[in-house]
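Undergrad: See run-v1.cif below, with mmCIF, C-alpha atoms and all ligand atoms.
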```
data_query
loop_
_atom_site.label_atom_id
_atom_site.label_comp_id
_atom_site.auth_asym_id
_atom_site.auth_seq_id
_atom_site.Cartn_x
_atom_site.Cartn_y
_atom_site.Cartn_z
CA MET L 1 -23.38 17.44 -59.98
CA GLN L 2 -22.36 17.48 -56.34
CA THR L 3 -24.23 15.43 -53.77
CA ILE L 4 -25.10 16.96 -50.40
CA VAL L 5 -26.13 14.40 -47.77
CA ILE L 6 -27.90 15.52 -44.59
CA VAL L 7 -28.17 12.94 -41.81
CA GLY L 8 -31.07 13.69 -39.46
CA GLY L 9 -34.41 15.13 -40.48
CA GLY L 10 -35.16 16.97 -37.25
CA ALA L 11 -35.84 20.66 -36.78
CA GLY L 12 -32.50 21.61 -38.35
CA GLY L 13 -32.00 18.90 -40.99
CA LEU L 14 -35.50 19.06 -42.42
CA GLU L 15 -35.39 22.84 -42.75
CA LEU L 16 -32.01 22.64 -44.45
CA ALA L 17 -33.08 19.88 -46.85
CA ALA L 18 -36.15 21.86 -47.88
CA SER L 19 -34.13 25.04 -48.33
CA LEU L 20 -31.29 23.42 -50.33
CA GLY L 21 -33.80 21.37 -52.32
CA SER L 22 -35.71 24.48 -53.34
CA ARG L 23 -32.58 26.49 -54.12
CA LEU L 24 -30.27 23.85 -55.67
CA GLY L 25 -32.16 20.60 -56.12
CA LYS L 26 -34.95 22.15 -58.15
CA LYS L 27 -32.46 23.65 -60.64
CA LYS L 28 -30.45 20.40 -60.73
CA GLN L 29 -27.41 22.28 -59.37
CA ALA L 30 -26.93 19.70 -56.62
CA LYS L 31 -28.46 16.42 -55.46
CA ILE L 32 -29.77 16.73 -51.91
CA ILE L 33 -30.28 13.51 -49.92
CA LEU L 34 -31.88 13.53 -46.47
CA VAL L 35 -31.38 10.43 -44.27
CA ASP L 36 -33.47 9.67 -41.19
CA ARG L 37 -34.15 6.52 -39.21
CA ASN L 38 -37.88 7.32 -39.10
CA PRO L 39 -40.24 7.66 -42.06
CA ASN L 40 -42.05 10.64 -40.49
CA HIS L 41 -40.92 13.84 -38.81
CA ILE L 42 -42.50 15.30 -35.72
CA TRP L 43 -41.29 18.52 -34.15
CA LYS L 44 -39.91 17.54 -30.76
CA PRO L 45 -41.75 20.22 -28.73
CA LEU L 46 -44.97 18.47 -29.81
CA LEU L 47 -43.95 15.11 -28.33
CA HIS L 48 -45.83 15.76 -25.10
CA GLU L 49 -49.01 15.93 -27.20
CA VAL L 50 -48.20 12.51 -28.68
CA ALA L 51 -47.57 11.27 -25.14
CA THR L 52 -50.96 12.46 -23.89
CA GLY L 53 -52.77 11.23 -27.00
CA SER L 54 -53.92 14.62 -28.30
CA LEU L 55 -51.73 14.34 -31.39
CA ASP L 56 -51.57 11.33 -33.72
CA MET L 57 -48.15 10.76 -35.26
CA SER L 58 -49.61 9.01 -38.32
CA ILE L 59 -51.91 11.97 -39.04
CA ASP L 60 -49.97 14.96 -37.74
CA GLY L 61 -46.40 13.90 -38.56
CA VAL L 62 -44.70 15.02 -41.77
CA SER L 63 -43.96 12.19 -44.20
CA TYR L 64 -40.37 12.67 -45.38
CA ARG L 65 -41.17 10.96 -48.66
CA ALA L 66 -44.06 13.30 -49.46
CA HIS L 67 -42.16 16.35 -48.22
CA SER L 68 -39.09 15.47 -50.30
CA GLY L 69 -41.17 15.37 -53.50
CA GLN L 70 -42.53 18.83 -52.79
CA HIS L 71 -39.12 20.30 -51.94
CA HIS L 72 -36.87 18.67 -54.56
CA TYR L 73 -34.67 16.50 -52.36
CA GLN L 74 -34.39 12.73 -52.01
CA PHE L 75 -35.17 10.81 -48.85
CA GLN L 76 -33.41 7.65 -47.63
CA LEU L 77 -34.90 5.76 -44.69
CA GLY L 78 -32.27 4.19 -42.43
CA THR L 79 -30.08 4.53 -39.37
CA MET L 80 -26.57 5.75 -40.06
CA THR L 81 -24.15 3.23 -38.57
CA GLY L 82 -20.82 4.28 -39.99
CA LEU L 83 -18.78 6.90 -41.77
CA ASP L 84 -15.94 6.36 -44.20
CA ALA L 85 -14.47 9.85 -44.46
CA ALA L 86 -11.64 8.77 -46.76
CA ASP L 87 -14.07 7.37 -49.35
CA LYS L 88 -16.74 9.99 -48.55
CA GLN L 89 -19.42 7.44 -47.79
CA ILE L 90 -21.91 6.86 -45.00
CA HIS L 91 -23.33 3.46 -44.14
CA LEU L 92 -26.95 2.73 -43.27
CA ALA L 93 -28.32 -0.28 -41.39
CA ALA L 94 -30.91 -2.53 -43.01
CA VAL L 95 -34.55 -1.63 -42.32
CA ASP L 96 -36.86 -4.43 -41.13
CA ASP L 97 -40.62 -4.39 -40.67
CA GLU L 98 -42.34 -5.25 -37.36
CA TYR L 99 -42.19 -8.97 -38.26
CA GLY L 100 -38.45 -8.84 -38.82
CA VAL L 101 -38.78 -9.08 -42.59
CA GLN L 102 -36.24 -6.94 -44.36
CA VAL L 103 -37.64 -3.90 -46.18
CA LEU L 104 -34.37 -2.25 -47.19
CA PRO L 105 -30.87 -3.80 -47.20
CA GLU L 106 -27.73 -2.26 -45.70
CA ARG L 107 -26.63 0.57 -47.96
CA SER L 108 -23.81 3.04 -48.51
CA ILE L 109 -24.36 6.56 -49.80
CA SER L 110 -21.60 8.65 -51.36
CA TYR L 111 -21.39 12.35 -50.68
CA ASP L 112 -19.41 15.40 -51.66
CA THR L 113 -20.65 17.37 -48.65
CA LEU L 114 -21.92 15.73 -45.47
CA ILE L 115 -24.02 17.51 -42.86
CA MET L 116 -24.63 15.78 -39.54
CA ALA L 117 -27.88 16.95 -37.91
CA VAL L 118 -28.62 14.03 -35.60
CA GLY L 119 -29.64 16.19 -32.62
CA SER L 120 -29.23 15.10 -29.03
CA VAL L 121 -31.01 12.98 -26.44
CA SER L 122 -31.71 13.28 -22.72
CA ASN L 123 -28.87 12.59 -20.33
CA ASP L 124 -29.48 10.94 -16.98
CA PHE L 125 -25.89 11.78 -15.96
CA GLY L 126 -25.57 8.22 -14.68
CA THR L 127 -28.01 8.85 -11.83
CA PRO L 128 -28.93 5.39 -10.47
CA GLY L 129 -32.51 4.32 -11.25
CA VAL L 130 -33.34 7.10 -13.69
CA ALA L 131 -32.91 5.05 -16.87
CA GLU L 132 -34.94 2.12 -15.47
CA HIS L 133 -37.79 4.09 -13.90
CA SER L 134 -38.28 7.18 -16.06
CA TYR L 135 -39.88 8.05 -19.32
CA PHE L 136 -37.68 9.99 -21.69
CA LEU L 137 -39.27 12.14 -24.38
CA ASP L 138 -36.80 12.27 -27.23
CA SER L 139 -38.69 10.37 -29.93
CA HIS L 140 -42.23 9.54 -30.99
CA GLN L 141 -41.60 5.90 -30.00
CA GLN L 142 -40.89 7.03 -26.43
CA ALA L 143 -43.95 9.31 -26.46
CA GLU L 144 -46.14 6.42 -27.63
CA ARG L 145 -44.65 4.19 -24.92
CA PHE L 146 -45.58 6.82 -22.33
CA GLN L 147 -49.13 6.94 -23.70
CA ARG L 148 -49.52 3.16 -23.49
CA GLY L 149 -48.21 3.25 -19.92
CA LEU L 150 -50.61 6.05 -19.02
CA LEU L 151 -53.64 4.25 -20.49
CA ASN L 152 -52.65 1.02 -18.78
CA SER L 153 -52.42 2.87 -15.47
CA PHE L 154 -55.92 4.28 -15.97
CA MET L 155 -57.25 0.80 -16.83
CA ARG L 156 -55.56 -0.69 -13.78
CA VAL L 157 -57.12 1.91 -11.50
CA ASN L 158 -60.50 1.55 -13.19
CA GLN L 159 -60.41 -2.25 -12.89
CA GLN L 160 -59.78 -1.92 -9.17
CA GLY L 161 -63.11 -0.07 -8.98
CA ARG L 162 -61.73 3.13 -7.56
CA LYS L 163 -64.44 5.75 -7.75
CA ARG L 164 -62.73 8.84 -6.39
CA SER L 165 -60.62 11.13 -8.50
CA PHE L 166 -56.90 10.52 -8.45
CA GLY L 167 -53.87 12.69 -8.98
CA TRP L 168 -50.34 12.30 -10.18
CA GLN L 169 -47.97 11.22 -7.50
CA SER L 170 -44.76 11.00 -9.37
CA TRP L 171 -43.17 10.76 -12.80
CA VAL L 172 -40.43 8.57 -11.49
CA ALA L 173 -42.10 5.85 -9.51
CA GLU L 174 -43.23 2.26 -9.83
CA PRO L 175 -41.61 0.72 -12.87
CA PRO L 176 -42.48 0.72 -15.64
CA VAL L 177 -45.54 2.94 -15.43
CA LEU L 178 -46.53 6.09 -13.67
CA SER L 179 -47.75 5.76 -10.18
CA LEU L 180 -51.31 6.99 -9.96
CA LEU L 181 -52.59 7.21 -6.44
CA GLN L 182 -55.95 8.16 -5.07
CA SER L 183 -55.98 11.73 -3.93
C1 LIG G 201 -39.86 17.30 -25.22
C2 LIG G 201 -39.09 18.42 -25.88
C3 LIG G 201 -39.61 19.71 -25.88
C4 LIG G 201 -38.89 20.76 -26.48
N1 LIG G 201 -39.45 22.01 -26.51
C5 LIG G 201 -38.81 23.03 -27.12
C6 LIG G 201 -39.40 24.32 -27.21
O1 LIG G 201 -40.49 24.56 -26.71
N2 LIG G 201 -38.71 25.30 -27.86
C7 LIG G 201 -37.50 25.06 -28.45
O2 LIG G 201 -36.91 25.97 -29.06
N3 LIG G 201 -36.91 23.82 -28.38
C8 LIG G 201 -37.53 22.82 -27.74
N4 LIG G 201 -36.93 21.58 -27.67
C9 LIG G 201 -35.61 21.41 -28.25
C10 LIG G 201 -35.71 21.22 -29.77
O3 LIG G 201 -36.68 20.23 -30.07
C11 LIG G 201 -34.34 20.82 -30.29
O4 LIG G 201 -33.44 21.88 -29.99
C12 LIG G 201 -34.35 20.59 -31.79
O5 LIG G 201 -35.28 19.56 -32.11
C13 LIG G 201 -32.95 20.20 -32.25
O6 LIG G 201 -33.01 20.03 -33.63
P1 LIG G 201 -31.98 19.10 -34.38
O7 LIG G 201 -32.31 19.16 -35.84
O8 LIG G 201 -30.60 19.46 -33.96
O9 LIG G 201 -32.23 17.62 -33.81
P2 LIG G 201 -33.57 16.77 -33.69
O10 LIG G 201 -34.78 17.61 -33.89
O11 LIG G 201 -33.41 15.97 -32.45
O12 LIG G 201 -33.47 15.78 -34.94
C14 LIG G 201 -32.50 14.77 -35.02
C15 LIG G 201 -32.96 13.81 -36.12
O13 LIG G 201 -31.89 12.92 -36.38
C16 LIG G 201 -32.41 11.61 -36.56
N5 LIG G 201 -31.31 10.69 -36.22
C17 LIG G 201 -30.61 10.62 -35.06
N6 LIG G 201 -29.65 9.70 -35.15
C18 LIG G 201 -29.73 9.17 -36.40
C19 LIG G 201 -28.99 8.16 -37.10
N7 LIG G 201 -27.94 7.51 -36.54
N8 LIG G 201 -29.37 7.84 -38.36
C20 LIG G 201 -30.41 8.49 -38.96
N9 LIG G 201 -31.15 9.46 -38.35
C21 LIG G 201 -30.80 9.79 -37.08
C22 LIG G 201 -33.59 11.54 -35.59
O14 LIG G 201 -34.54 10.55 -36.00
C23 LIG G 201 -34.16 12.95 -35.73
O15 LIG G 201 -35.16 13.04 -36.74
C24 LIG G 201 -37.62 20.51 -27.07
C25 LIG G 201 -37.10 19.21 -27.06
C26 LIG G 201 -37.81 18.17 -26.47
C27 LIG G 201 -37.22 16.77 -26.46
#
```
The structure in this file should be written as structure tokens.
Ligand SMILES: Cc1cc2nc3c(=O)[nH]c(=O)nc-3n(C[C@H](O)[C@H](O)[C@H](O)COP(=O)(O)OP(=O)(O)OC[C@H]3O[C@@H](n4cnc5c(N)ncnc54)[C@H](O)[C@@H]3O)c2cc1C
TA:
Amino acid sequence: MQTIVIVGGGAGGLELAASLGSRLGKKKQAKIILVDRNPNHIWKPLLHEVATGSLDMSIDGVSYRAHSGQHHYQFQLGTMTGLDAADKQIHLAAVDDEYGVQVLPERSISYDTLIMAVGSVSNDFGTPGVAEHSYFLDSHQQAERFQRGLLNSFMRVNQQGRKRSFGWQSWVAEPPVLSLLQS
């Protein structure tokens, strides 16, 4: 049975894994393996809702593990770090928990067909200061970082006893949080 490995469970990879799983995996005509560095999928256009706190990743995200069971593919958690095209293998980094304790070791996965669906990320085109002073919105980790920064800014303003309403001054201002000034 041939093994089809899809790296990246974003908008494209997840759709493909579900489709191939339902068409081939279910009938045992092929083994479909989806690899992603995150355990949960969130559709990128919803990241601004994670950033503003109106969407909770742990509730509203799609668990790859649960989704894979329903759609007849296998899921492997891990970041792809290398490709051995001659041996038809990809390499995944070890997965550690938040305390640095290893959850999964480094692994290699063999494939007959490999599909790369790792998407893209924002480009600052080397503009000085952008990387240091901006929030990017390419992943749920970045969206959650924005939300923490936003809440901290509100707390800072509140602690200073400002009573009047305030407005956004800039998205690219005082590092590392948004600059919220009194209107
Ligand atoms: C804030 C925002 C708003 C957007 N709004 C819209 C919109 O309104 N309408 C629209 O049509 N499009 C929108 N887009 C664009 C759309 O989200 C992308 O075009 C789409 O997500 C691309 O799909 P993809 O599968 O190619 O990659 P992605 O969805 O980016 O998925 C890539 C996946 O690969 C995984 N990955 C990456 N590297 C590795 C690795 N080394 N190992 C393992 N896994 C890896 C990532 O974790 C991710 O799950 C928006 C994008 C953003 C960032």
Undergrad: So that I can see what lies close to stretch 110-118 of chain L, please list as a PyMOL selection string the residues with an atom at most 8 Å from it, counting only C-alpha atoms and leaving out residues fewer than 6 positions away in the same chain.
TA: chain L and resi 2-10+12-13+87-90
Undergrad: For the residues in the current selection, export C-alpha atoms as a PDB file, keeping the file's coordinate frame.
TA:
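Contents of the output file result-v5.pdb:
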```
ATOM      1  CA  GLN L   2     -22.360  17.480 -56.340  1.00  0.00           C
ATOM      2  CA  THR L   3     -24.230  15.430 -53.770  1.00  0.00           C
ATOM      3  CA  ILE L   4     -25.100  16.960 -50.400  1.00  0.00           C
ATOM      4  CA  VAL L   5     -26.130  14.400 -47.770  1.00  0.00           C
ATOM      5  CA  ILE L   6     -27.900  15.520 -44.590  1.00  0.00           C
ATOM      6  CA  VAL L   7     -28.170  12.940 -41.810  1.00  0.00           C
ATOM      7  CA  GLY L   8     -31.070  13.690 -39.460  1.00  0.00           C
ATOM      8  CA  GLY L   9     -34.410  15.130 -40.480  1.00  0.00           C
ATOM      9  CA  GLY L  10     -35.160  16.970 -37.250  1.00  0.00           C
ATOM     10  CA  GLY L  12     -32.500  21.610 -38.350  1.00  0.00           C
ATOM     11  CA  GLY L  13     -32.000  18.900 -40.990  1.00  0.00           C
ATOM     12  CA  ASP L  87     -14.070   7.370 -49.350  1.00  0.00           C
ATOM     13  CA  LYS L  88     -16.740   9.990 -48.550  1.00  0.00           C
ATOM     14  CA  GLN L  89     -19.420   7.440 -47.790  1.00  0.00           C
ATOM     15  CA  ILE L  90     -21.910   6.860 -45.000  1.00  0.00           C
TER      16      ILE L  90
END
```
Undergrad: Just to confirm, what's the straight-line distance from atom C19 of ligand LIG 201 (chain G) to atom CA of L:Gln102 in Å (one decimal)?
TA: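 Straight-line distance from atom C19 of ligand LIG 201 (chain G) to atom CA of L:Gln102 works out to 18.3 Å.
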Undergrad: Counting all atoms listed in the file, which of L:Val103, L:Ala143, L:Ala66, L:Ala30 gets nearest to L:Val50?
TA: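 For L:Val50, the nearest of the candidates is L:Ala143.
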Undergrad: Neighbours of ligand LIG 201 (chain G) at 10 Å or closer, counting only C-alpha atoms and all ligand atoms: which residues, as number ranges by chain?
TA: L: 6-16, 34-49, 51, 76-82, 91-93, 116-122, 136-140, 143
Undergrad: Could you please determine the separation between atom CA of L:Ile109 and atom CA of L:Asp84 in Å, to one decimal place?
TA: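 A separation of 10.1 Å between them.
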Undergrad: Nearest to L:Phe146: which of L:Gln159, L:Gln29, L:Thr52, L:Ser108 is it, counting all atoms listed in the file?
TA: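 Smallest separation from L:Phe146 among the options: L:Thr52.
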